[in-house]
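Undergrad: Provided herewith is a single structure, encoded as structure tokens, for subsequent inquiry.
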Amino acid sequence: MGSFSQITFADYPIFDNKNWYYEEIVNSLFQPNDFICEKRKNSSRNKLVWGDSYEKEKGNYEFKGFKQTVKVCKQRLEIYGASHKKTKLNFNRAKKLSREESFYSFSLSGLTYEQYLSEIKNIIESKEKTYEQIGLNLRESLMSDDLGIYGQSLECHLYSILSVLPESAIVEYDLTDVIFGGWVEISKVKSVDIEKIIILTEGKTDVEFISNSIVKLFPHLKDYYHFIDFEEYIVRIESSASALVKLTTSFAAAKVKHPIIVLFDNDTAGIKEMKKLTSMTLPPNIRILKYPDIALAKKYPTIGPTGKKNMNINGYACSIEMYFGVDVLTKDNELIPIQWKGFESKEKKYQGEIANKKYVQETFRKKLKKSTMTETKELTELLNVIFNAYR
């Protein structure tokens, strides 16, 4: 008879697989630490899978599989480019393909992506399920085809389903029976295969602070990124920003296929060097970004030849320290000012740097060690630039 696995979205089961499981789904949505072994009541077994077979059965069974929230699963798809716009385009292409190949006996021509989302949301909420391949109309076809249509990519299929559910809803991949039946080894299941996204920054402190901030604030995304401290591999020439340009062009020339995020400081030197890359034709896997403009920097205290003055330092002096939070940037009840330094003649702009940088960095290191972090608005905005790089 065999054993089956299935994934449930808010308790709605799809993607049944006999004697195995869909590895690509696991790789897309889960991490090894999402795998759980948990005792549950036999009577709690999903009725859409088992009917009333276990409804009155006493005792427990041990659930084995992956468990995570819709919010986390959705974020994991988004860092590789999933979005409403992308899934909508994919859906429309799938409609065209199904029409060209006469896949359905009914027409999808008038069906919009929004109507499709509404339909699968209704199916999940009504807990209506069929395992028969009838497909006489859209609803029956969606129920028997894992809530998707012919021609959809798996990524867009999954993202569409996640999009109609509350962020707190649970996504589970039930592998209990295929593991118990000896078809799948737990060690095999937990060896999740992830294509890490490489992040290049201007220096080693950027690597330290950004990587540790992801671990602290978004631990469920930390294993998707790999940081390279280029100072370990190449000789620093001119500024760190200029060295970052050289490293990026080397990656491009070597035709590295991994997704790569190149992240510049939001200051005069960083923007000057970033323009060199944005003027080139680089492969689509390389994304050139800078730290974001932030409200805090619009009227920030600075010190220059004319004394102390509040100025908009976005694009002039926003290095990593400016994203540590107001609490870290405050000393003796005052914001630590920006000190204006050299003038960049080509950009016709001054370059600024936070005063008392060592104090600011050490204070942030202590902040990272606290059990909970507050004042994370600017830091979250910076990390979202990374998370949304491929959207």
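Identifiers in this document derive from the order of the structure tokens: chains are assigned A, B, ..., residues are numbered from 1 separately in each chain, and ligands are numbered from 1 in order of occurrence.
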For Trp340 (chain A), please output as a list of chain:residue names all residues within 7 Å (counting only C-alpha atoms; exclusion window: fewer than 4 positions along the same chain).
TA: A:Ile303, A:Gly304, A:Tyr350, A:Gln351, A:Gly352, A:Glu353
Undergrad: How about saving the chosen residues, all heavy atoms kept, as a short mmCIF file (atom, residue, chain, number, x, y, z; two decimals), in the first residue's frame?
TA:
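That gives us part-v3.cif:
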data_model
loop_
_atom_site.label_atom_id
_atom_site.label_comp_id
_atom_site.auth_asym_id
_atom_site.auth_seq_id
_atom_site.Cartn_x
_atom_site.Cartn_y
_atom_site.Cartn_z
N ILE A 303 29.54 68.72 12.56
CA ILE A 303 30.57 69.68 12.95
C ILE A 303 31.48 69.91 11.75
O ILE A 303 31.99 68.96 11.15
CB ILE A 303 31.42 69.16 14.14
CG1 ILE A 303 30.54 68.98 15.38
CG2 ILE A 303 32.55 70.13 14.44
CD1 ILE A 303 31.28 68.38 16.55
N GLY A 304 31.63 71.19 11.37
CA GLY A 304 32.49 71.54 10.25
C GLY A 304 33.20 72.85 10.50
O GLY A 304 33.19 73.37 11.63
N TYR A 350 31.07 66.95 0.44
CA TYR A 350 31.95 66.59 1.53
C TYR A 350 31.67 65.16 1.98
O TYR A 350 30.55 64.64 1.83
CB TYR A 350 31.78 67.55 2.72
CG TYR A 350 32.48 68.87 2.54
CD1 TYR A 350 31.80 69.98 2.03
CD2 TYR A 350 33.83 69.00 2.86
CE1 TYR A 350 32.45 71.19 1.86
CE2 TYR A 350 34.48 70.23 2.69
CZ TYR A 350 33.78 71.31 2.19
OH TYR A 350 34.43 72.50 2.02
N GLN A 351 32.69 64.54 2.54
CA GLN A 351 32.54 63.21 3.13
C GLN A 351 32.53 63.38 4.64
O GLN A 351 33.38 64.04 5.21
CB GLN A 351 33.71 62.30 2.72
CG GLN A 351 33.81 60.99 3.48
CD GLN A 351 32.78 59.96 3.04
OE1 GLN A 351 32.23 60.05 1.96
NE2 GLN A 351 32.53 58.98 3.89
N GLY A 352 31.53 62.76 5.30
CA GLY A 352 31.42 62.87 6.75
C GLY A 352 31.56 61.53 7.44
O GLY A 352 31.35 60.48 6.83
N GLU A 353 31.90 61.58 8.72
CA GLU A 353 32.08 60.36 9.51
C GLU A 353 31.63 60.63 10.94
O GLU A 353 31.84 61.72 11.48
CB GLU A 353 33.55 59.93 9.48
CG GLU A 353 33.82 58.61 10.17
CD GLU A 353 35.29 58.21 10.07
OE1 GLU A 353 35.66 57.58 9.06
OE2 GLU A 353 36.07 58.56 10.98
#
Undergrad: Could you list, as a ChimeraX atom specification, every residue within 12 Å of Leu154 (chain A), counting only C-alpha atoms and ignoring same-chain residues fewer than 2 positions away?
TA: /A:15,22-29,77,82,87,90-91,94,146-152,156-161
Undergrad: Would you save the residues from that selection as a PDB file, in the first residue's frame, using N, CA and C atoms?
TA:
ATOM      1  N   PHE A  15       0.025  18.412  -2.022  1.00  0.00           N
ATOM      2  CA  PHE A  15       1.321  17.824  -2.389  1.00  0.00           C
ATOM      3  C   PHE A  15       1.528  16.443  -1.763  1.00  0.00           C
ATOM      4  N   TYR A  22       8.595  15.964  -1.415  1.00  0.00           N
ATOM      5  CA  TYR A  22       9.099  16.930  -2.386  1.00  0.00           C
ATOM      6  C   TYR A  22      10.271  17.711  -1.789  1.00  0.00           C
ATOM      7  N   GLU A  23      11.476  17.315  -2.180  1.00  0.00           N
ATOM      8  CA  GLU A  23      12.674  17.943  -1.622  1.00  0.00           C
ATOM      9  C   GLU A  23      12.743  19.438  -1.950  1.00  0.00           C
ATOM     10  N   GLU A  24      12.264  19.805  -3.146  1.00  0.00           N
ATOM     11  CA  GLU A  24      12.341  21.201  -3.555  1.00  0.00           C
ATOM     12  C   GLU A  24      11.483  22.096  -2.661  1.00  0.00           C
ATOM     13  N   ILE A  25      10.370  21.573  -2.186  1.00  0.00           N
ATOM     14  CA  ILE A  25       9.532  22.345  -1.275  1.00  0.00           C
ATOM     15  C   ILE A  25      10.236  22.540   0.057  1.00  0.00           C
ATOM     16  N   VAL A  26      10.837  21.490   0.563  1.00  0.00           N
ATOM     17  CA  VAL A  26      11.601  21.594   1.814  1.00  0.00           C
ATOM     18  C   VAL A  26      12.720  22.621   1.666  1.00  0.00           C
ATOM     19  N   ASN A  27      13.455  22.559   0.559  1.00  0.00           N
ATOM     20  CA  ASN A  27      14.552  23.495   0.330  1.00  0.00           C
ATOM     21  C   ASN A  27      14.063  24.943   0.227  1.00  0.00           C
ATOM     22  N   SER A  28      12.837  25.130  -0.245  1.00  0.00           N
ATOM     23  CA  SER A  28      12.296  26.469  -0.435  1.00  0.00           C
ATOM     24  C   SER A  28      11.759  27.088   0.846  1.00  0.00           C
ATOM     25  N   LEU A  29      11.170  26.273   1.715  1.00  0.00           N
ATOM     26  CA  LEU A  29      10.422  26.806   2.850  1.00  0.00           C
ATOM     27  C   LEU A  29      11.041  26.564   4.221  1.00  0.00           C
ATOM     28  N   LEU A  77      10.877  32.825   0.703  1.00  0.00           N
ATOM     29  CA  LEU A  77      10.679  32.888  -0.742  1.00  0.00           C
ATOM     30  C   LEU A  77      11.002  34.278  -1.280  1.00  0.00           C
ATOM     31  N   ALA A  82      10.589  36.233  -4.834  1.00  0.00           N
ATOM     32  CA  ALA A  82       9.133  36.068  -4.916  1.00  0.00           C
ATOM     33  C   ALA A  82       8.421  37.354  -4.519  1.00  0.00           C
ATOM     34  N   THR A  87       4.518  36.668  -9.136  1.00  0.00           N
ATOM     35  CA  THR A  87       3.612  35.519  -9.182  1.00  0.00           C
ATOM     36  C   THR A  87       2.425  35.795 -10.092  1.00  0.00           C
ATOM     37  N   ASN A  90       3.670  35.243 -13.597  1.00  0.00           N
ATOM     38  CA  ASN A  90       3.822  33.809 -13.799  1.00  0.00           C
ATOM     39  C   ASN A  90       2.471  33.140 -14.013  1.00  0.00           C
ATOM     40  N   PHE A  91       1.477  33.577 -13.256  1.00  0.00           N
ATOM     41  CA  PHE A  91       0.120  33.035 -13.387  1.00  0.00           C
ATOM     42  C   PHE A  91      -0.445  33.309 -14.772  1.00  0.00           C
ATOM     43  N   ALA A  94       1.153  31.095 -17.269  1.00  0.00           N
ATOM     44  CA  ALA A  94       0.636  29.728 -17.126  1.00  0.00           C
ATOM     45  C   ALA A  94      -0.732  29.591 -17.785  1.00  0.00           C
ATOM     46  N   ASP A 146      -3.547  20.506  -6.180  1.00  0.00           N
ATOM     47  CA  ASP A 146      -2.730  21.186  -5.158  1.00  0.00           C
ATOM     48  C   ASP A 146      -2.891  22.701  -5.161  1.00  0.00           C
ATOM     49  N   LEU A 147      -4.077  23.184  -5.527  1.00  0.00           N
ATOM     50  CA  LEU A 147      -4.409  24.612  -5.515  1.00  0.00           C
ATOM     51  C   LEU A 147      -3.619  25.422  -6.541  1.00  0.00           C
ATOM     52  N   GLY A 148      -3.126  24.759  -7.556  1.00  0.00           N
ATOM     53  CA  GLY A 148      -2.379  25.457  -8.593  1.00  0.00           C
ATOM     54  C   GLY A 148      -2.964  25.208  -9.972  1.00  0.00           C
ATOM     55  N   ILE A 149      -2.440  25.927 -10.965  1.00  0.00           N
ATOM     56  CA  ILE A 149      -2.858  25.671 -12.340  1.00  0.00           C
ATOM     57  C   ILE A 149      -1.655  25.201 -13.153  1.00  0.00           C
ATOM     58  N   TYR A 150      -1.933  24.554 -14.225  1.00  0.00           N
ATOM     59  CA  TYR A 150      -0.900  24.015 -15.099  1.00  0.00           C
ATOM     60  C   TYR A 150       0.026  25.136 -15.591  1.00  0.00           C
ATOM     61  N   GLY A 151       1.332  24.899 -15.460  1.00  0.00           N
ATOM     62  CA  GLY A 151       2.311  25.851 -15.973  1.00  0.00           C
ATOM     63  C   GLY A 151       2.888  26.792 -14.940  1.00  0.00           C
ATOM     64  N   GLN A 152       2.306  26.842 -13.722  1.00  0.00           N
ATOM     65  CA  GLN A 152       2.877  27.691 -12.669  1.00  0.00           C
ATOM     66  C   GLN A 152       4.219  27.139 -12.212  1.00  0.00           C
ATOM     67  N   CYS A 156       6.199  30.280  -7.417  1.00  0.00           N
ATOM     68  CA  CYS A 156       5.028  31.152  -7.502  1.00  0.00           C
ATOM     69  C   CYS A 156       3.766  30.456  -7.005  1.00  0.00           C
ATOM     70  N   HIS A 157       3.684  29.163  -7.212  1.00  0.00           N
ATOM     71  CA  HIS A 157       2.577  28.362  -6.697  1.00  0.00           C
ATOM     72  C   HIS A 157       2.545  28.449  -5.165  1.00  0.00           C
ATOM     73  N   LEU A 158       3.678  28.189  -4.532  1.00  0.00           N
ATOM     74  CA  LEU A 158       3.771  28.239  -3.075  1.00  0.00           C
ATOM     75  C   LEU A 158       3.494  29.646  -2.549  1.00  0.00           C
ATOM     76  N   TYR A 159       4.059  30.647  -3.213  1.00  0.00           N
ATOM     77  CA  TYR A 159       3.902  32.018  -2.756  1.00  0.00           C
ATOM     78  C   TYR A 159       2.436  32.457  -2.842  1.00  0.00           C
ATOM     79  N   SER A 160       1.758  32.020  -3.865  1.00  0.00           N
ATOM     80  CA  SER A 160       0.342  32.360  -4.006  1.00  0.00           C
ATOM     81  C   SER A 160      -0.469  31.806  -2.841  1.00  0.00           C
ATOM     82  N   ILE A 161      -0.211  30.561  -2.489  1.00  0.00           N
ATOM     83  CA  ILE A 161      -0.937  29.944  -1.371  1.00  0.00           C
ATOM     84  C   ILE A 161      -0.638  30.674  -0.064  1.00  0.00           C
TER      85      ILE A 161
END
Undergrad: Could you pull out all residues of region 123-353 of chain A with a DSSP call of strand (DSSP E) and give them as a ChimeraX atom specification?
TA: /A:170-174,197-200,225-228,260-264,266-267,286-290,300-304,307-311,317-318,330-331,334-335,338-344,349-353
